[in-house]
Each structure stands twice: as C-alpha cells, then as structure tokens.
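Participant: My questions will all concern the structure given below.
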Amino acid sequence: MKKNKYNLENLIGVIRAGILIRIKANSYGSLPRIRGAMNIINNGNLIVGNNFSVTSKPIKSLITIEKGAKLSIGENVFINYGVDIGCTKYIQIGNNTKIGPLTNIIDNDFHQIEPHRSVVCEDILIGDNVWIGRQCIILPGVKIGNNSVIASGSVVTKDIPNNVLVAGVPAKIIKQLNIIDGWVRK
C-alpha cells in the first residue's frame with residue numbers, strides 16, 4: 001500500500017466507463033474499481049489497500065467517516081451495492097473480505113439507548129478472508145475472525161471466532177469450517 005507521499009488527499013478511482021473520480025483518502029494502494037454511484041464522506045482517516053472494488057448499483061453504497069475516526073480497508077476487498085459503513089471511531093476490514101449487498105457496518109448507536117448511558121461507540125474488527133452475506137448488520141464492538149462466513153440476514157452482536165459459519169438474529173455458530181492454511185477467498 002502506498003503512503004500518500006505527495007500529501008494529496010485525493011484517491012483516484014476508475015469507474016466502469018473509464019471516467020476518473022476523486023475520493024478524499026489519506027493512504028491508498030492501486031486504483032480502486034468503482035461501478036455505479038457511491039457516496040464517501042471522509043472527515044477522518046481513510047486507508048484503502050490494493051485492488052479495492054465496489055459495485056454500487058442499482059443502489060448507492062455509503063461510507064461515512066467522522067472527524068477523528070479511522071476506516072482501514074485491506075487488500076482485495078469487495079463491497080457490493082447498498083452497503084452502509086458508518087465509522088465514528090475505528091473499523092478495520094481485513095484482506096480478501098467480501099461484503100454482500102445491503103449490509104450495514106456501524107460502530108456506534110448514534111444516540112442514547114437509556115438516559116443513564118452515553119452513546120456506545122466501539123471498534124469493529126473484520127478479519128481476513130471473511131464473507132459477509134446479503135443484508136447483514138454488524139454492530140459496535142464486534143470482532144469477526146479470519147475465514148468466517150456470515151450468512152445472509154444475520155445480525156452480528158458478539159465476537160465471531162475464526163473459521164466458522166454463523167447465521168441468525170442474533171448470529172450463532174452453525175458450522176465449523178475446515179480452512180487450509182494460506183487459503184485466500186476469491
């Protein structure tokens with residue numbers, strides 16, 4: 001991954017038609033592939049690895065990074081359409097991770113749930129080779145282990161270990177996966 005050696009704050013992305021767009025990023029790898037319209041609101045720190053790819057049609061994806069927050073996206077990450085990533089503290093998405101359409105990854109509650117509690121804002125750590133299915137919700141404070149699969153429609157409220165398939169609301173382990181060392185999700 002290149003460090004933004006010229007202190008530019010623009011990441012140039014290639015859209016399917018060959019048009020270039022600029023995305024405010026602090027550090028980035030090779031040119032990302034972006035298909036369709038996408039909103040990125042970066043008031044914090046966005047780090048993008050090599051071969052980042054987004055398909056943002058028929059529904060726009062939205063990435064919001066608040067002031068003082070950091071979103072780190074690894075290499076070979078794919079984000080499908082309608083994904084909403086809301087980062088107010090820290091979200092890390094590991095290498096070779098695939099995120100299904102209409103998924104929400106939000107590291108905060110946005111408002112108080114109870115009068116005596118402040119707004120919950122906790123890191124989200126998504127490991128390498130993770131596959132997050134369609135319409136999943138990843139809640140604050142969750143760590144998803146390497147090589148895990150989150151089934152469509154699941155709500156992840158607690159940590160998920162390495163090499164498992166989880167499903168449901170809330171997500172529960174359905175199956176242990178037999179993953180060979182060094183395997184990479186394509």
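Here's how to read the names in the structure tokens: chain A, B, ... by the order shown, residue numbers from 1 in each chain, ligand numbers from 1 in the order shown.
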If we count only C-alpha atoms and set the cut-off at 7 Å, which residues sit around A:Pro101, ignoring sequence neighbours fewer than 5 positions away in its own chain? Please answer as an NGL selection string.
Facilitator: :A and (80-83 or 134-135)
Participant: As a PyMOL selection string, please: every residue in chain A that DSSP puts in strand (DSSP E or B).
Facilitator: chain A and resi 2-3+11-15+20-23+27-28+33-42+45-48+53-65+70-73+78-79+84-87+90-93+98-99+104-106+108+121+124-126+131-132+137-138+143-144+149-150+155-156+160+164-167+172-176
Participant: Grab the residues selected above and save them as a PDB file, in the first residue's frame with C-alpha atoms.
Facilitator:
```pdb
ATOM      1  CA  LYS A   2       1.348   3.411  -0.964  1.00  0.00           C
ATOM      2  CA  LYS A   3       1.665   6.132   1.618  1.00  0.00           C
ATOM      3  CA  LEU A  11      -7.684   8.909  -4.311  1.00  0.00           C
ATOM      4  CA  ILE A  12      -8.407   8.470  -7.977  1.00  0.00           C
ATOM      5  CA  GLY A  13     -10.851   5.703  -8.796  1.00  0.00           C
ATOM      6  CA  VAL A  14     -11.702   4.117 -12.101  1.00  0.00           C
ATOM      7  CA  ILE A  15     -15.386   3.860 -12.966  1.00  0.00           C
ATOM      8  CA  LEU A  20     -11.926   9.144 -13.128  1.00  0.00           C
ATOM      9  CA  ILE A  21     -13.332  10.274  -9.793  1.00  0.00           C
ATOM     10  CA  ARG A  22     -11.627  11.685  -6.731  1.00  0.00           C
ATOM     11  CA  ILE A  23     -12.155  10.347  -3.237  1.00  0.00           C
ATOM     12  CA  SER A  27      -3.434   6.456   2.108  1.00  0.00           C
ATOM     13  CA  TYR A  28      -4.224   4.106  -0.730  1.00  0.00           C
ATOM     14  CA  ARG A  33     -12.613  -0.186  -9.196  1.00  0.00           C
ATOM     15  CA  ILE A  34     -15.919   1.579  -8.598  1.00  0.00           C
ATOM     16  CA  ARG A  35     -19.035   0.686 -10.587  1.00  0.00           C
ATOM     17  CA  GLY A  36     -22.029   2.966 -10.177  1.00  0.00           C
ATOM     18  CA  ALA A  37     -22.587   5.972  -7.932  1.00  0.00           C
ATOM     19  CA  MET A  38     -21.159   5.944  -4.417  1.00  0.00           C
ATOM     20  CA  ASN A  39     -21.068   8.442  -1.550  1.00  0.00           C
ATOM     21  CA  ILE A  40     -17.946   8.744   0.587  1.00  0.00           C
ATOM     22  CA  ILE A  41     -17.941  11.341   3.348  1.00  0.00           C
ATOM     23  CA  ASN A  42     -14.452  11.384   4.842  1.00  0.00           C
ATOM     24  CA  ASN A  45      -8.780   8.877   8.202  1.00  0.00           C
ATOM     25  CA  LEU A  46      -9.498   6.522   5.279  1.00  0.00           C
ATOM     26  CA  ILE A  47      -6.892   3.910   4.336  1.00  0.00           C
ATOM     27  CA  VAL A  48      -7.564   1.734   1.289  1.00  0.00           C
ATOM     28  CA  SER A  53     -13.576  -2.908  -5.630  1.00  0.00           C
ATOM     29  CA  VAL A  54     -17.115  -1.553  -5.226  1.00  0.00           C
ATOM     30  CA  THR A  55     -20.252  -2.303  -7.219  1.00  0.00           C
ATOM     31  CA  SER A  56     -22.613   0.474  -6.241  1.00  0.00           C
ATOM     32  CA  LYS A  57     -25.608  -0.035  -8.471  1.00  0.00           C
ATOM     33  CA  PRO A  58     -28.547  -0.320  -8.573  1.00  0.00           C
ATOM     34  CA  ILE A  59     -28.312   1.119  -5.024  1.00  0.00           C
ATOM     35  CA  LYS A  60     -25.574   3.537  -3.916  1.00  0.00           C
ATOM     36  CA  SER A  61     -23.191   2.459  -1.194  1.00  0.00           C
ATOM     37  CA  LEU A  62     -22.366   4.968   1.535  1.00  0.00           C
ATOM     38  CA  ILE A  63     -19.171   5.246   3.562  1.00  0.00           C
ATOM     39  CA  THR A  64     -19.110   7.881   6.309  1.00  0.00           C
ATOM     40  CA  ILE A  65     -16.021   8.555   8.431  1.00  0.00           C
ATOM     41  CA  LYS A  70     -10.355   5.737  11.103  1.00  0.00           C
ATOM     42  CA  LEU A  71     -11.570   3.258   8.479  1.00  0.00           C
ATOM     43  CA  SER A  72      -8.928   0.802   7.271  1.00  0.00           C
ATOM     44  CA  ILE A  73      -9.811  -1.331   4.237  1.00  0.00           C
ATOM     45  CA  PHE A  78     -15.034  -6.196  -2.475  1.00  0.00           C
ATOM     46  CA  ILE A  79     -18.088  -4.188  -1.389  1.00  0.00           C
ATOM     47  CA  ASP A  84     -23.590   1.402   4.528  1.00  0.00           C
ATOM     48  CA  ILE A  85     -20.415   1.782   6.585  1.00  0.00           C
ATOM     49  CA  GLY A  86     -20.659   4.318   9.421  1.00  0.00           C
ATOM     50  CA  CYS A  87     -17.364   4.920  11.224  1.00  0.00           C
ATOM     51  CA  TYR A  90     -12.446   2.644  14.201  1.00  0.00           C
ATOM     52  CA  ILE A  91     -13.397  -0.019  11.676  1.00  0.00           C
ATOM     53  CA  GLN A  92     -10.906  -2.433  10.156  1.00  0.00           C
ATOM     54  CA  ILE A  93     -11.811  -4.625   7.178  1.00  0.00           C
ATOM     55  CA  LYS A  98     -16.254  -9.756   0.543  1.00  0.00           C
ATOM     56  CA  ILE A  99     -19.246  -7.716   1.762  1.00  0.00           C
ATOM     57  CA  ASN A 104     -24.676  -2.255   7.432  1.00  0.00           C
ATOM     58  CA  ILE A 105     -21.420  -1.962   9.381  1.00  0.00           C
ATOM     59  CA  ILE A 106     -21.877   0.651  12.086  1.00  0.00           C
ATOM     60  CA  ASN A 108     -21.932   3.295  17.139  1.00  0.00           C
ATOM     61  CA  CYS A 121     -19.076   3.673  20.107  1.00  0.00           C
ATOM     62  CA  ILE A 124     -15.263  -3.235  14.686  1.00  0.00           C
ATOM     63  CA  LEU A 125     -12.545  -5.626  13.506  1.00  0.00           C
ATOM     64  CA  ILE A 126     -13.267  -7.818  10.491  1.00  0.00           C
ATOM     65  CA  TRP A 131     -17.512 -13.314   3.561  1.00  0.00           C
ATOM     66  CA  ILE A 132     -20.419 -11.224   4.825  1.00  0.00           C
ATOM     67  CA  ILE A 137     -25.849  -5.982  10.237  1.00  0.00           C
ATOM     68  CA  ILE A 138     -22.509  -5.744  12.051  1.00  0.00           C
ATOM     69  CA  LYS A 143     -14.624  -8.847  16.095  1.00  0.00           C
ATOM     70  CA  ILE A 144     -15.121 -11.280  13.200  1.00  0.00           C
ATOM     71  CA  VAL A 149     -18.791 -16.596   6.782  1.00  0.00           C
ATOM     72  CA  ILE A 150     -21.748 -14.501   7.949  1.00  0.00           C
ATOM     73  CA  VAL A 155     -27.161  -9.639  12.893  1.00  0.00           C
ATOM     74  CA  VAL A 156     -23.708  -9.899  14.468  1.00  0.00           C
ATOM     75  CA  ILE A 160     -17.201 -14.476  15.892  1.00  0.00           C
ATOM     76  CA  VAL A 164     -16.944 -20.613  11.311  1.00  0.00           C
ATOM     77  CA  LEU A 165     -20.247 -20.147   9.524  1.00  0.00           C
ATOM     78  CA  VAL A 166     -22.734 -18.088  11.535  1.00  0.00           C
ATOM     79  CA  ALA A 167     -26.389 -17.303  10.853  1.00  0.00           C
ATOM     80  CA  LYS A 172     -24.867 -18.027  16.160  1.00  0.00           C
ATOM     81  CA  ILE A 173     -22.307 -20.604  15.059  1.00  0.00           C
ATOM     82  CA  ILE A 174     -23.875 -23.086  12.644  1.00  0.00           C
ATOM     83  CA  LYS A 175     -20.778 -24.906  11.454  1.00  0.00           C
ATOM     84  CA  GLN A 176     -17.012 -25.092  11.943  1.00  0.00           C
TER      85      GLN A 176
END
```
Participant: Compile the contact shell of A:Phe52 as a compact mmCIF listing (two decimals) with C-alpha atoms, in the first residue's frame: residues with an atom at most 6 Å away, counting only C-alpha atoms, same-chain residues fewer than 3 positions apart removed.
Facilitator:
```
# COMPACT_ATOMS: atom_id res chain seq x y z
CA PRO A 32 -9.88 1.10 -6.91
CA ASN A 76 -8.59 -7.30 -2.42
CA VAL A 77 -11.73 -6.14 -0.59
```
Participant: Can you measure atom CA of A:Glu66 to atom CA of A:Arg117 for me? One decimal in Å is fine.
Facilitator: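 The value is 21.1 Å.
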Participant: Enter the distance from atom CA of A:Asp107 to atom CA of A:Gly141, in Å, rounded to one decimal.
Facilitator: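 Between atom CA of A:Asp107 and atom CA of A:Gly141 the gap is 6.9 Å.
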Participant: I need the residue nearest A:Gly94 from this list: A:Val130, A:Val184, A:Ile113, A:Ala151. Use only C-alpha atoms for the distance.
Facilitator: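 Of all the options, A:Val130 lies closest to A:Gly94.
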Participant: In Å, how far is it from atom CA of A:Thr97 to atom CA of A:Asp128?
Facilitator: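 Here the two named atoms are 6.0 Å from each other.
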Participant: Might you pull out every residue within 8 Å of A:Lys67, with only C-alpha atoms counted and same-chain residues fewer than 5 positions away left off, and present them as a ChimeraX atom specification?
Facilitator: /A:42-44,88
Participant: Write out the residues from the selection above, keeping C-alpha atoms, as a PDB file, in the first residue's frame.
Facilitator:
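The file below, out_10.pdb, is the result:
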```
ATOM      1  CA  ASN A  42     -14.452  11.384   4.842  1.00  0.00           C
ATOM      2  CA  ASN A  43     -13.846  13.728   7.751  1.00  0.00           C
ATOM      3  CA  GLY A  44     -11.415  11.317   9.414  1.00  0.00           C
ATOM      4  CA  THR A  88     -17.195   7.231  14.243  1.00  0.00           C
TER       5      THR A  88
END
```
Participant: Looking at A:Cys136, A:Asn129, A:Glu75, A:Asp159, which one is nearest to A:Asp181, with distances taken over only C-alpha atoms?
Facilitator: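 Among the listed residues, A:Asn129 lies closest to A:Asp181.
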Participant: What's the 7 Å shell around A:Asp109, counting only C-alpha atoms, without same-chain residues fewer than 2 positions away, as a list in words?
Facilitator: His111, Val119, Val120 and Cys121 of chain A
